[in-house]
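**Student:** I am sharing upload.cif, which consists of mmCIF, C-alpha atoms and all ligand atoms:
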data_entry
loop_
_atom_site.label_atom_id
_atom_site.label_comp_id
_atom_site.auth_asym_id
_atom_site.auth_seq_id
_atom_site.Cartn_x
_atom_site.Cartn_y
_atom_site.Cartn_z
CA MET A 1 -198.08 -34.35 180.10
CA GLU A 2 -197.31 -36.33 176.98
CA VAL A 3 -194.93 -34.76 174.49
CA THR A 4 -195.48 -36.50 171.17
CA ASP A 5 -192.96 -36.52 168.34
CA ALA A 6 -195.33 -34.35 166.34
CA ALA A 7 -195.37 -31.77 169.14
CA ILE A 8 -191.61 -31.81 169.33
CA ARG A 9 -191.38 -31.21 165.60
CA ILE A 10 -193.55 -28.11 165.88
CA LEU A 11 -191.62 -26.78 168.86
CA ALA A 12 -188.28 -27.56 167.25
CA GLY A 13 -189.33 -25.75 164.07
CA LEU A 14 -190.40 -22.70 166.04
CA LEU A 15 -187.22 -22.60 168.09
CA GLU A 16 -184.96 -23.09 165.11
CA ALA A 17 -186.69 -20.43 163.05
CA ARG A 18 -186.41 -17.89 165.84
CA THR A 19 -182.99 -18.68 167.24
CA GLY A 20 -181.04 -21.11 165.06
CA GLN A 21 -181.02 -23.56 167.94
CA GLN A 22 -181.80 -27.21 167.58
CA LEU A 23 -184.10 -28.91 170.03
CA ALA A 24 -182.55 -32.21 171.01
CA ILE A 25 -185.07 -35.01 171.41
CA SER A 26 -182.91 -36.24 174.26
CA ARG A 27 -183.98 -33.16 176.15
CA ARG A 28 -187.64 -34.16 176.03
CA TRP A 29 -187.92 -34.01 179.82
CA ARG A 30 -186.62 -30.46 179.71
CA ILE A 31 -189.30 -29.51 177.23
CA GLU A 32 -191.93 -30.89 179.58
CA THR A 33 -190.72 -29.00 182.63
CA ALA A 34 -190.11 -25.86 180.59
CA LEU A 35 -193.63 -25.77 179.21
CA LYS A 36 -195.53 -26.98 182.27
CA SER A 37 -195.41 -23.73 184.19
CA LEU A 38 -196.15 -21.73 181.06
CA MET A 39 -199.25 -23.84 180.40
CA ARG A 40 -200.41 -23.43 183.97
CA GLU A 41 -199.88 -19.66 183.84
CA ARG A 42 -201.83 -19.29 180.63
CA GLY A 43 -204.51 -21.83 181.49
CA PHE A 44 -203.88 -24.44 178.80
CA ASP A 45 -205.08 -27.96 179.66
CA SER A 46 -203.06 -29.75 177.04
CA LEU A 47 -199.98 -29.26 174.97
CA ASP A 48 -202.08 -29.74 171.83
CA GLN A 49 -204.19 -26.75 172.79
CA LEU A 50 -201.09 -24.64 173.26
CA LEU A 51 -199.61 -25.79 169.96
CA GLY A 52 -202.91 -25.14 168.23
CA ASP A 53 -202.83 -21.52 169.33
CA ILE A 54 -199.21 -21.17 168.24
CA VAL A 55 -199.77 -22.67 164.81
CA SER A 56 -202.83 -20.50 164.18
CA GLY A 57 -200.69 -17.48 165.02
CA ARG A 58 -203.55 -15.95 166.99
CA GLU A 59 -201.29 -14.65 169.70
CA PRO A 60 -197.75 -13.80 168.63
CA ALA A 61 -196.65 -13.16 172.22
CA LEU A 62 -197.40 -16.81 172.95
CA SER A 63 -194.71 -18.05 170.57
CA ASP A 64 -192.27 -15.62 172.19
CA ALA A 65 -193.09 -17.05 175.59
CA VAL A 66 -192.69 -20.63 174.35
CA VAL A 67 -189.32 -19.84 172.76
CA ASP A 68 -188.26 -18.14 176.01
CA ALA A 69 -189.27 -21.20 178.00
CA LEU A 70 -187.28 -23.52 175.77
CA LEU A 71 -184.05 -21.54 176.02
CA ASN A 72 -181.36 -22.36 178.50
CA ASN A 73 -180.60 -19.09 180.31
CA GLU A 74 -178.01 -20.34 182.73
CA THR A 75 -175.42 -17.73 183.53
CA TYR A 76 -173.56 -16.22 186.45
CA PHE A 77 -171.23 -13.39 187.38
CA TYR A 78 -167.61 -13.75 186.29
CA ARG A 79 -168.34 -17.08 184.65
CA ASP A 80 -165.15 -19.00 183.89
CA ARG A 81 -163.06 -16.76 186.09
CA GLN A 82 -159.63 -17.42 184.54
CA PRO A 83 -160.41 -16.86 180.87
CA PHE A 84 -162.52 -13.90 181.92
CA GLU A 85 -159.54 -12.37 183.72
CA LEU A 86 -157.39 -13.00 180.67
CA LEU A 87 -159.88 -10.98 178.69
CA MET A 88 -160.11 -8.14 181.21
CA ILE A 89 -156.38 -7.95 181.83
CA GLY A 90 -154.70 -9.16 178.63
CA ALA A 91 -157.01 -8.37 175.75
CA PHE A 92 -158.32 -5.11 177.18
CA THR A 93 -154.79 -3.88 177.83
CA ALA A 94 -153.82 -4.58 174.23
CA LEU A 95 -156.90 -2.70 173.05
CA GLN A 96 -156.23 0.22 175.37
CA LYS A 97 -152.83 0.58 173.71
CA ALA A 98 -154.31 0.36 170.24
CA ARG A 99 -157.05 2.90 171.05
CA ALA A 100 -154.94 5.22 173.19
CA ARG A 101 -155.85 8.20 171.01
CA GLU A 102 -159.62 7.87 170.82
CA LYS A 103 -159.93 6.33 174.31
CA ARG A 104 -163.06 4.56 173.27
CA LEU A 105 -164.00 0.88 173.31
CA SER A 106 -167.16 -0.92 172.39
CA ILE A 107 -168.15 -4.30 173.66
CA TRP A 108 -170.96 -6.60 172.61
CA CYS A 109 -172.27 -9.38 174.81
CA ALA A 110 -174.13 -11.55 172.31
CA GLY A 111 -176.50 -13.92 174.11
CA CYS A 112 -176.24 -12.08 177.41
CA SER A 113 -179.10 -13.88 179.18
CA THR A 114 -180.07 -12.08 182.42
CA GLY A 115 -177.17 -9.65 182.29
CA GLN A 116 -174.52 -11.10 184.62
CA GLU A 117 -171.83 -11.23 181.93
CA ALA A 118 -172.25 -7.64 180.77
CA TYR A 119 -172.53 -6.38 184.34
CA SER A 120 -169.37 -8.26 185.34
CA ILE A 121 -167.49 -6.23 182.74
CA ALA A 122 -169.17 -3.00 183.82
CA MET A 123 -168.35 -3.63 187.50
CA THR A 124 -164.73 -4.49 186.75
CA ILE A 125 -164.31 -1.29 184.78
CA ALA A 126 -165.99 0.76 187.52
CA ASP A 127 -163.67 -0.82 190.11
CA GLU A 128 -160.56 0.04 188.09
CA LYS A 129 -160.99 3.81 188.13
CA GLU A 130 -157.43 4.82 187.33
CA ARG A 131 -157.01 2.39 184.52
CA TRP A 132 -160.15 3.62 182.77
CA ASP A 133 -159.85 7.28 183.58
CA GLY A 134 -160.98 9.31 180.55
CA TRP A 135 -162.20 6.26 178.65
CA THR A 136 -165.64 5.72 177.19
CA VAL A 137 -166.65 2.09 177.18
CA ASP A 138 -169.89 1.21 175.42
CA ILE A 139 -171.38 -2.10 176.43
CA VAL A 140 -174.23 -3.47 174.34
CA ALA A 141 -175.88 -6.70 175.42
CA THR A 142 -178.40 -8.65 173.37
CA ASP A 143 -180.44 -11.79 173.79
CA VAL A 144 -183.32 -13.33 171.90
CA SER A 145 -185.20 -13.99 175.15
CA ARG A 146 -187.51 -11.13 176.11
CA GLY A 147 -187.82 -12.37 179.66
CA ALA A 148 -184.05 -12.52 180.12
CA ILE A 149 -183.60 -9.00 178.76
CA ALA A 150 -186.36 -7.67 181.00
CA GLN A 151 -184.64 -9.10 184.07
CA ALA A 152 -181.26 -7.86 182.89
CA ARG A 153 -182.58 -4.31 182.51
CA ASN A 154 -184.19 -4.52 185.93
CA GLY A 155 -180.95 -5.61 187.52
CA LEU A 156 -182.83 -7.51 190.21
CA TYR A 157 -181.36 -10.85 191.28
CA SER A 158 -182.32 -13.55 193.71
CA GLN A 159 -180.01 -14.48 196.54
CA PHE A 160 -178.79 -17.50 194.57
CA GLU A 161 -178.09 -15.47 191.47
CA VAL A 162 -176.33 -12.62 193.22
CA GLN A 163 -173.98 -14.91 195.12
CA ARG A 164 -172.96 -17.13 192.29
CA GLY A 165 -169.53 -16.10 191.03
CA LEU A 166 -169.68 -12.62 192.53
CA PRO A 167 -167.15 -11.72 195.23
CA VAL A 168 -168.95 -10.44 198.33
CA VAL A 169 -166.99 -7.18 198.36
CA GLN A 170 -168.32 -6.33 194.93
CA MET A 171 -171.78 -7.44 195.92
CA ILE A 172 -172.04 -4.97 198.78
CA ARG A 173 -170.37 -2.25 196.74
CA HIS A 174 -172.71 -2.49 193.77
CA PHE A 175 -175.96 -4.03 195.04
CA ALA A 176 -178.59 -3.10 197.59
CA ALA A 177 -180.85 -5.58 199.36
CA GLU A 178 -184.46 -5.25 198.29
CA GLY A 179 -187.27 -7.16 199.92
CA GLU A 180 -187.02 -10.84 200.70
CA GLY A 181 -183.74 -12.19 199.40
CA GLN A 182 -183.59 -9.91 196.36
CA TRP A 183 -180.65 -7.73 195.41
CA ARG A 184 -180.75 -4.81 193.03
CA LEU A 185 -177.76 -3.61 191.07
CA ASN A 186 -177.06 0.10 191.52
CA GLU A 187 -178.20 2.48 188.83
CA ALA A 188 -174.60 3.56 188.24
CA ILE A 189 -173.69 0.12 186.85
CA ARG A 190 -177.06 -0.59 185.25
CA GLY A 191 -176.71 2.62 183.26
CA LYS A 192 -173.47 1.39 181.72
CA VAL A 193 -175.08 -1.40 179.71
CA ARG A 194 -177.50 -1.02 176.81
CA PHE A 195 -179.76 -4.09 176.55
CA LYS A 196 -181.71 -5.13 173.50
CA THR A 197 -183.93 -8.07 172.63
CA GLN A 198 -182.43 -9.34 169.42
CA SER A 199 -181.50 -12.59 167.77
CA LEU A 200 -178.06 -13.48 166.52
CA MET A 201 -179.80 -14.50 163.31
CA ASP A 202 -180.42 -10.79 162.66
CA ALA A 203 -178.01 -7.97 161.84
CA PRO A 204 -175.69 -6.91 164.69
CA PRO A 205 -176.78 -4.04 166.96
CA ALA A 206 -175.46 -0.48 166.58
CA PRO A 207 -172.75 0.74 166.28
CA GLY A 208 -172.06 -2.42 164.27
CA ARG A 209 -168.33 -2.44 164.91
CA PHE A 210 -167.07 -3.83 168.20
CA ASP A 211 -163.64 -4.15 169.76
CA VAL A 212 -164.68 -7.11 171.87
CA ILE A 213 -167.48 -9.58 171.29
CA LEU A 214 -168.44 -12.15 173.89
CA CYS A 215 -170.60 -14.96 172.60
CA ARG A 216 -170.29 -17.50 175.34
CA ASN A 217 -172.30 -20.67 175.79
CA VAL A 218 -174.77 -19.59 173.14
CA LEU A 219 -173.87 -21.49 169.99
CA LEU A 220 -173.68 -24.94 171.55
CA TYR A 221 -177.08 -26.06 170.33
CA PHE A 222 -177.02 -24.29 166.98
CA HIS A 223 -176.89 -26.51 163.97
CA ALA A 224 -173.66 -26.26 161.99
CA ALA A 225 -174.90 -24.02 159.19
CA ALA A 226 -176.53 -21.50 161.54
CA ARG A 227 -173.44 -21.48 163.73
CA SER A 228 -171.13 -20.76 160.86
CA ALA A 229 -173.49 -18.03 159.62
CA VAL A 230 -173.34 -16.43 163.08
CA PHE A 231 -169.55 -16.52 163.07
CA ASP A 232 -169.59 -14.78 159.68
CA ARG A 233 -171.91 -12.10 161.01
CA LEU A 234 -169.78 -11.63 164.13
CA SER A 235 -166.65 -11.30 161.98
CA GLN A 236 -168.30 -8.47 160.07
CA ALA A 237 -169.14 -6.73 163.31
CA ILE A 238 -165.69 -6.92 164.89
CA ALA A 239 -162.78 -4.51 164.54
CA HIS A 240 -159.86 -5.99 162.59
CA ASP A 241 -157.80 -6.05 165.79
CA GLY A 242 -160.72 -6.96 168.03
CA TYR A 243 -161.22 -10.08 170.14
CA LEU A 244 -163.93 -12.70 170.27
CA MET A 245 -164.50 -14.71 173.41
CA LEU A 246 -166.44 -17.96 173.44
CA GLY A 247 -167.45 -20.19 176.34
CA ALA A 248 -164.81 -22.27 178.08
CA GLY A 249 -165.59 -25.44 176.14
CA GLU A 250 -166.25 -23.80 172.78
CA THR A 251 -164.07 -23.23 169.74
CA VAL A 252 -164.27 -21.86 166.20
CA ILE A 253 -161.86 -24.50 164.97
CA GLY A 254 -163.61 -26.66 162.43
CA GLN A 255 -166.72 -24.42 162.60
CA SER A 256 -165.73 -21.30 160.76
CA ASP A 257 -162.88 -19.68 158.83
CA ALA A 258 -163.90 -16.21 159.96
CA PHE A 259 -161.86 -16.37 163.17
CA VAL A 260 -158.54 -17.85 164.25
CA SER A 261 -157.10 -18.51 167.70
CA SER A 262 -155.46 -15.40 169.08
CA THR A 263 -151.70 -15.76 169.14
CA GLU A 264 -151.50 -13.73 172.36
CA PHE A 265 -154.38 -14.91 174.48
CA ARG A 266 -155.45 -18.49 175.01
CA GLY A 267 -159.09 -19.24 174.39
CA ILE A 268 -159.65 -15.90 172.67
CA TYR A 269 -160.12 -15.47 168.91
CA SER A 270 -159.15 -12.85 166.36
CA PRO A 271 -160.92 -12.18 163.09
CA THR A 272 -159.15 -13.83 160.17
CA SER A 273 -159.39 -10.55 158.25
CA ARG A 274 -156.80 -9.09 160.63
CA ARG A 275 -154.07 -10.56 158.46
CA THR A 276 -155.43 -9.19 155.21
CA THR A 277 -156.55 -5.74 156.32
CA VAL A 278 -153.62 -4.76 158.51
CA PRO A 279 -150.89 -4.73 155.83
CA ALA A 280 -153.10 -2.74 153.47
CA SER A 281 -153.37 0.20 155.85
CA SER A 282 -150.05 0.03 157.66
CA ALA A 283 -147.67 -1.24 154.99
CA ALA A 284 -145.79 2.04 154.77
CA MET B 1 -156.58 -32.72 198.63
CA LYS B 2 -157.52 -29.52 200.48
CA ASN B 3 -158.93 -29.52 204.00
CA CYS B 4 -162.12 -27.74 204.93
CA LEU B 5 -163.42 -27.27 208.45
CA VAL B 6 -167.19 -26.88 208.63
CA VAL B 7 -168.27 -24.99 211.74
CA ASP B 8 -172.01 -25.02 212.37
CA ASP B 9 -174.22 -26.02 215.29
CA SER B 10 -176.74 -27.59 212.95
CA LYS B 11 -176.00 -31.18 212.17
CA VAL B 12 -178.11 -31.00 209.02
CA ILE B 13 -176.14 -28.05 207.64
CA ARG B 14 -172.86 -29.79 208.42
CA LYS B 15 -174.07 -32.85 206.60
CA VAL B 16 -175.19 -30.90 203.52
CA ALA B 17 -171.96 -28.91 203.45
CA ARG B 18 -169.87 -32.05 203.88
CA HIS B 19 -171.65 -33.71 201.00
CA ILE B 20 -171.08 -30.78 198.65
CA LEU B 21 -167.47 -30.32 199.74
CA GLU B 22 -166.67 -33.98 199.29
CA THR B 23 -167.95 -33.92 195.73
CA LEU B 24 -165.62 -30.94 195.25
CA ASN B 25 -162.74 -33.11 196.45
CA PHE B 26 -162.26 -31.65 199.91
CA ASN B 27 -161.25 -33.50 203.00
CA VAL B 28 -163.88 -32.38 205.54
CA ASN B 29 -163.73 -31.92 209.30
CA GLU B 30 -166.56 -30.65 211.47
CA ALA B 31 -166.99 -28.55 214.60
CA GLU B 32 -170.20 -27.58 216.46
CA ASP B 33 -169.10 -24.19 217.71
CA GLY B 34 -166.23 -21.73 217.73
CA ARG B 35 -164.43 -23.28 220.64
CA GLU B 36 -164.39 -26.73 219.12
CA ALA B 37 -163.28 -25.15 215.86
CA LEU B 38 -160.23 -23.61 217.56
CA THR B 39 -159.29 -27.04 218.92
CA ARG B 40 -159.66 -28.57 215.45
CA CYS B 41 -157.42 -25.82 214.07
CA GLU B 42 -154.77 -26.58 216.64
CA GLU B 43 -154.76 -30.22 215.63
CA GLN B 44 -154.63 -29.42 211.95
CA MET B 45 -154.91 -26.02 210.32
CA PRO B 46 -157.42 -26.31 207.45
CA ASP B 47 -157.06 -24.57 204.09
CA VAL B 48 -160.51 -23.09 204.42
CA VAL B 49 -163.13 -22.69 207.16
CA LEU B 50 -166.85 -22.58 206.41
CA LEU B 51 -168.20 -20.63 209.34
CA ASP B 52 -171.66 -20.13 210.82
CA TRP B 53 -172.41 -16.92 212.73
CA ASN B 54 -174.65 -17.79 215.67
CA MET B 55 -173.49 -20.74 217.70
CA PRO B 56 -173.57 -21.56 221.40
CA VAL B 57 -170.31 -21.43 223.39
CA MET B 58 -168.37 -19.35 220.87
CA SER B 59 -169.80 -17.44 217.91
CA GLY B 60 -168.34 -17.36 214.44
CA MET B 61 -167.15 -13.79 214.92
CA GLU B 62 -165.30 -14.61 218.15
CA PHE B 63 -163.70 -17.59 216.48
CA LEU B 64 -162.63 -15.49 213.49
CA ARG B 65 -161.12 -12.71 215.62
CA THR B 66 -159.20 -15.24 217.74
CA LEU B 67 -157.97 -17.06 214.66
CA ARG B 68 -156.80 -13.89 212.93
CA GLN B 69 -154.79 -12.88 216.02
CA GLN B 70 -152.79 -16.08 215.93
CA THR B 71 -149.37 -15.90 214.37
CA ILE B 72 -149.43 -18.86 212.07
CA GLU B 73 -147.54 -19.44 208.89
CA ARG B 74 -150.54 -19.54 206.64
CA GLN B 75 -153.92 -18.26 207.76
CA PRO B 76 -156.78 -20.32 206.38
CA LYS B 77 -159.38 -18.72 204.14
CA VAL B 78 -162.60 -18.07 206.01
CA VAL B 79 -165.97 -18.17 204.30
CA PHE B 80 -168.88 -17.10 206.47
CA CYS B 81 -171.98 -19.13 205.83
CA THR B 82 -174.96 -17.74 207.66
CA THR B 83 -178.56 -16.55 207.65
CA GLU B 84 -177.40 -13.06 208.68
CA ASN B 85 -178.04 -11.73 205.21
CA ASP B 86 -177.84 -7.96 205.61
CA THR B 87 -175.04 -5.65 204.53
CA ALA B 88 -174.22 -4.57 208.11
CA HIS B 89 -173.37 -8.16 209.08
CA ILE B 90 -171.51 -8.72 205.83
CA ARG B 91 -169.37 -5.60 206.32
CA ALA B 92 -168.59 -6.56 209.92
CA ALA B 93 -167.48 -10.01 208.80
CA ILE B 94 -165.17 -8.62 206.13
CA GLU B 95 -163.70 -6.14 208.60
CA ALA B 96 -163.01 -8.97 211.02
CA GLY B 97 -161.04 -10.77 208.34
CA ALA B 98 -163.52 -13.00 206.49
CA ASP B 99 -162.54 -13.70 202.88
CA GLU B 100 -165.96 -14.50 201.54
CA TYR B 101 -169.59 -14.68 202.59
CA VAL B 102 -172.31 -17.12 201.69
CA MET B 103 -175.88 -16.27 202.57
CA LYS B 104 -178.03 -19.23 203.56
CA PRO B 105 -179.77 -20.94 201.95
CA PHE B 106 -177.06 -21.73 199.45
CA ASP B 107 -176.56 -24.35 196.78
CA ARG B 108 -173.65 -26.27 195.38
CA GLU B 109 -172.96 -23.73 192.64
CA THR B 110 -172.80 -20.84 195.08
CA LEU B 111 -170.44 -22.62 197.42
CA GLU B 112 -168.23 -23.84 194.61
CA SER B 113 -167.94 -20.37 193.11
CA LYS B 114 -167.09 -18.81 196.47
CA LEU B 115 -164.37 -21.42 197.07
CA GLN B 116 -162.98 -20.59 193.63
CA ILE B 117 -162.99 -16.90 194.45
CA VAL B 118 -160.87 -17.46 197.58
CA GLY B 119 -158.60 -19.71 195.56
CA VAL B 120 -159.08 -23.08 197.22
CA ALA B 121 -161.22 -24.82 194.60
C1 LIG C 1 -176.58 -20.39 178.48
S1 LIG C 1 -176.94 -18.69 178.23
C2 LIG C 1 -175.31 -17.98 178.31
C3 LIG C 1 -175.30 -16.60 178.86
C4 LIG C 1 -173.92 -15.93 178.97
N1 LIG C 1 -173.39 -15.60 177.67
C5 LIG C 1 -172.97 -16.82 179.72
O1 LIG C 1 -172.05 -17.38 179.12
O2 LIG C 1 -173.13 -16.97 180.93
C6 LIG C 1 -177.32 -18.67 176.49
C7 LIG C 1 -178.16 -17.48 176.07
O3 LIG C 1 -178.18 -17.41 174.65
C8 LIG C 1 -179.44 -16.94 174.24
N2 LIG C 1 -179.67 -17.26 172.83
C9 LIG C 1 -179.93 -18.45 172.26
N3 LIG C 1 -180.11 -18.34 170.94
C10 LIG C 1 -179.94 -17.01 170.65
C11 LIG C 1 -180.00 -16.25 169.44
N4 LIG C 1 -180.29 -16.81 168.27
N5 LIG C 1 -179.80 -14.93 169.53
C12 LIG C 1 -179.51 -14.33 170.71
N6 LIG C 1 -179.44 -15.00 171.87
C13 LIG C 1 -179.66 -16.34 171.84
C14 LIG C 1 -180.39 -17.62 175.20
O4 LIG C 1 -181.62 -16.93 175.28
C15 LIG C 1 -179.59 -17.60 176.50
O5 LIG C 1 -179.95 -16.50 177.29
#
Can you dump the structure from the file as structure tokens?
**Tutor:**
Amino acid sequence: MEVTDAAIRILAGLLEARTGQQLAISRRWRIETALKSLMRERGFDSLDQLLGDIVSGREPALSDAVVDALLNNETYFYRDRQPFELLMIGAFTALQKARAREKRLSIWCAGCSTGQEAYSIAMTIADEKERWDGWTVDIVATDVSRGAIAQARNGLYSQFEVQRGLPVVQMIRHFAAEGEGQWRLNEAIRGKVRFKTQSLMDAPPAPGRFDVILCRNVLLYFHAAARSAVFDRLSQAIAHDGYLMLGAGETVIGQSDAFVSSTEFRGIYSPTSRRTTVPASSAA
Amino acid sequence: MKNCLVVDDSKVIRKVARHILETLNFNVNEAEDGREALTRCEEQMPDVVLLDWNMPVMSGMEFLRTLRQQTIERQPKVVFCTTENDTAHIRAAIEAGADEYVMKPFDRETLESKLQIVGVA
């Protein structure tokens, strides 16, 4: 299959409009492999034919499928174990103190892919019964990829997916084998996460104010302006004393003024507004 | 550099495991069955054992039980690595003292993450 520069321009435009992500020409081979199986499935003989149908807008679901195919959905349970533990132990403890009266926390996994990140949080909370006794923890997880959200809701994982990052004790506690090499997450945990197909370019999901936002390994390929717009949107959706977690290699430094490094927890960020809003309400 | 003992009667599996482990900076030793594995452990106690279930001479379970009965300063971590992929086998392995469990077939990412979970990678 030949991927011409013209084809790449069309695909890049589509992807950027939908997701804010840039399509690197250097990833041309990825585009080929990503689209090959889609073309086979849908019976297209050439890329031009596929692009023709997209441009004519005859079948909106086709553009969705192409965008899905171009996205990198890599994820796994308890990704980046140490910073993740810092979040679950450090940041969540601080928030539990701050919310001791209402005993309610809301978490948003932005760019949740096939659900492993959100479910890791849900499993940890379920495994720490005493600590979370009487608490209501809302977990909302969004991704622009329809396919990823469908799998996340289903909670069905291949043997490779279920093993990666997940301790075996938790696997047998929360999953049941289903058919050949498939493992399904128990309803009890699945029911704890609310999934939604939604782009970070759109307004945040309800309730619109979160104590913790995870946006990990999502903004890497965004172009600078889109990335900074996302940070602004996230800062409007986070509690003044909330925490933002990015991927292990990511930072807000030099990308946005909306967040600053948390003084307490390494690799975790606080909204900049914390400084300006806190004195106003608690000066006395 | 940490030491890993790969116990499997299949030469191919040992070779694949060795390759992955070496890229993860492990010093690798091999054994074909449980009995040979015990001998290797006497010579040098590894930090972690990657252990098959079904092997001639001495099975993975027998090896594990014998190992866990030994009074040694620091017990190695044991990661089962087997085609016995049902919860009954997995539970039995954990009860016998296994630290982690890898269902075959596995890939580099799976193995690496399991070694991180037991704290050797
Ligand atoms: C590499 S995965 C990371 C998943 C998970 N957060 C993690 O760290 O393991 C990136 C995810 O971001 C999603 N994504 C990309 N652009 C997005 C956008 N504009 N809005 C929402 N999700 C987006 C992709 O579909 C993909 O599932």
**Student:** Have a look at CA of Ser37 (chain A) and atom N4 of ligand LIG 1 (chain C) and let me know their distance in Å, one decimal.
**Tutor:** 23.0 Å
**Student:** Provide as a ChimeraX atom specification the residues of chain B at most 12 Å from chain A, counting only C-alpha atoms.
**Tutor:** /B:79-81,83-95,98-119,121
**Student:** Around ligand LIG 1 (chain C), at most 7 Å away and counting all atoms listed in the file, which residues are there? Put them as a VMD selection string, please.
**Tutor:** chain A and resid 18 to 21 68 71 to 76 79 109 to 114 117 142 to 145 148 198 to 201 215 to 218 247
**Student:** Mind giving me the straight-line distance from CA of Asp8 (chain B) to CA of Thr82 (chain B) in Å, one decimal?
**Tutor:** 9.2 Å
**Student:** Taking (-172.7, -6.1, 165.7) in the file's own coordinates, collect the residues within 9 Å, counting all atoms listed in the file, and hand them back as a PyMOL selection string.
**Tutor:** chain A and resi 108+110+203-210+213+233-238
**Student:** I'd like the neighbourhood of region 91-98 of chain A as a list in words, where a residue qualifies if any of its atoms comes within 8 Å (using only C-alpha atoms), though same-chain residues fewer than 2 positions away should be ignored.
**Tutor:**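 So, after excluding close chain neighbours, the residues are Leu86, Leu87, Met88, Ile89, Ala100, Lys103, Leu105, Asp211, Gly242, Tyr243 and Phe265 of chain A.
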**Student:** List the neighbours of Leu38 (chain B) out to 10 Å using only C-alpha atoms; skip same-chain residues closer than 5 positions along the sequence, and give me the result as a PyMOL selection string.
**Tutor:** chain B and resi 31+33+43-45+58+63-64+66-67
**Student:** As a compact mmCIF listing (two decimals) with C-alpha atoms, in the frame of the given file, please: the residues near Arg14 (chain B) (cut-off 12 Å, all atoms listed in the file, same-chain neighbours under 4 positions excluded).
**Tutor:**
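Written file, around-v3.txt:
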# COMPACT_ATOMS: atom_id res chain seq x y z
CA CYS B 4 -162.12 -27.74 204.93
CA LEU B 5 -163.42 -27.27 208.45
CA VAL B 6 -167.19 -26.88 208.63
CA VAL B 7 -168.27 -24.99 211.74
CA ASP B 8 -172.01 -25.02 212.37
CA ASP B 9 -174.22 -26.02 215.29
CA SER B 10 -176.74 -27.59 212.95
CA ARG B 18 -169.87 -32.05 203.88
CA HIS B 19 -171.65 -33.71 201.00
CA ILE B 20 -171.08 -30.78 198.65
CA LEU B 21 -167.47 -30.32 199.74
CA GLU B 22 -166.67 -33.98 199.29
CA VAL B 28 -163.88 -32.38 205.54
CA ASN B 29 -163.73 -31.92 209.30
CA GLU B 30 -166.56 -30.65 211.47
CA ALA B 31 -166.99 -28.55 214.60
CA GLU B 32 -170.20 -27.58 216.46
CA ASP B 33 -169.10 -24.19 217.71
CA LEU B 50 -166.85 -22.58 206.41
CA LEU B 51 -168.20 -20.63 209.34
CA ASP B 52 -171.66 -20.13 210.82
CA CYS B 81 -171.98 -19.13 205.83
**Student:** In Å, how far is it from CA of Leu219 (chain A) to CA of Asn154 (chain A)?
**Tutor:**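 Separation between CA of Leu219 (chain A) and CA of Asn154 (chain A): 25.5 Å.
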**Student:** To box region 106-114 of chain B, take all atoms listed in the file, fit an axis-aligned box, add 5 Å on each side, and give centre and edge lengths in Å to one decimal, as AutoDock Vina command-line options.
**Tutor:**
--center_x -172.1 --center_y -22.5 --center_z 196.0 --size_x 20.0 --size_y 17.5 --size_z 16.8
**Student:** Kindly indicate which residue among A:Ile31, A:Gln170, A:Ser158, A:Leu62 lies nearest to Phe44 (chain A), using only C-alpha atoms for the distances.
**Tutor:**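 Ranked by minimum distance to Phe44 (chain A), first place goes to A:Leu62.
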**Student:** Would you mind putting N, CA and C atoms back on region 13-21 of chain B and writing the result as an mmCIF file, in the frame of the given file?
**Tutor:**
data_model
loop_
_atom_site.group_PDB
_atom_site.id
_atom_site.type_symbol
_atom_site.label_atom_id
_atom_site.label_comp_id
_atom_site.auth_asym_id
_atom_site.auth_seq_id
_atom_site.Cartn_x
_atom_site.Cartn_y
_atom_site.Cartn_z
ATOM 1 N N ILE B 13 -176.974 -28.922 208.487
ATOM 2 C CA ILE B 13 -176.140 -28.050 207.640
ATOM 3 C C ILE B 13 -174.753 -28.671 207.449
ATOM 4 N N ARG B 14 -174.199 -29.191 208.541
ATOM 5 C CA ARG B 14 -172.860 -29.790 208.420
ATOM 6 C C ARG B 14 -172.876 -30.943 207.424
ATOM 7 N N LYS B 15 -173.967 -31.694 207.479
ATOM 8 C CA LYS B 15 -174.070 -32.850 206.600
ATOM 9 C C LYS B 15 -174.178 -32.415 205.127
ATOM 10 N N VAL B 16 -175.018 -31.413 204.897
ATOM 11 C CA VAL B 16 -175.190 -30.900 203.520
ATOM 12 C C VAL B 16 -173.860 -30.340 203.002
ATOM 13 N N ALA B 17 -173.223 -29.528 203.861
ATOM 14 C CA ALA B 17 -171.960 -28.910 203.450
ATOM 15 C C ALA B 17 -170.909 -29.987 203.173
ATOM 16 N N ARG B 18 -170.851 -30.980 204.064
ATOM 17 C CA ARG B 18 -169.870 -32.050 203.880
ATOM 18 C C ARG B 18 -170.087 -32.735 202.528
ATOM 19 N N HIS B 19 -171.344 -33.015 202.247
ATOM 20 C CA HIS B 19 -171.650 -33.710 201.000
ATOM 21 C C HIS B 19 -171.157 -32.904 199.791
ATOM 22 N N ILE B 20 -171.507 -31.618 199.778
ATOM 23 C CA ILE B 20 -171.080 -30.780 198.650
ATOM 24 C C ILE B 20 -169.553 -30.714 198.572
ATOM 25 N N LEU B 21 -168.924 -30.480 199.722
ATOM 26 C CA LEU B 21 -167.470 -30.320 199.740
ATOM 27 C C LEU B 21 -166.754 -31.595 199.307
#
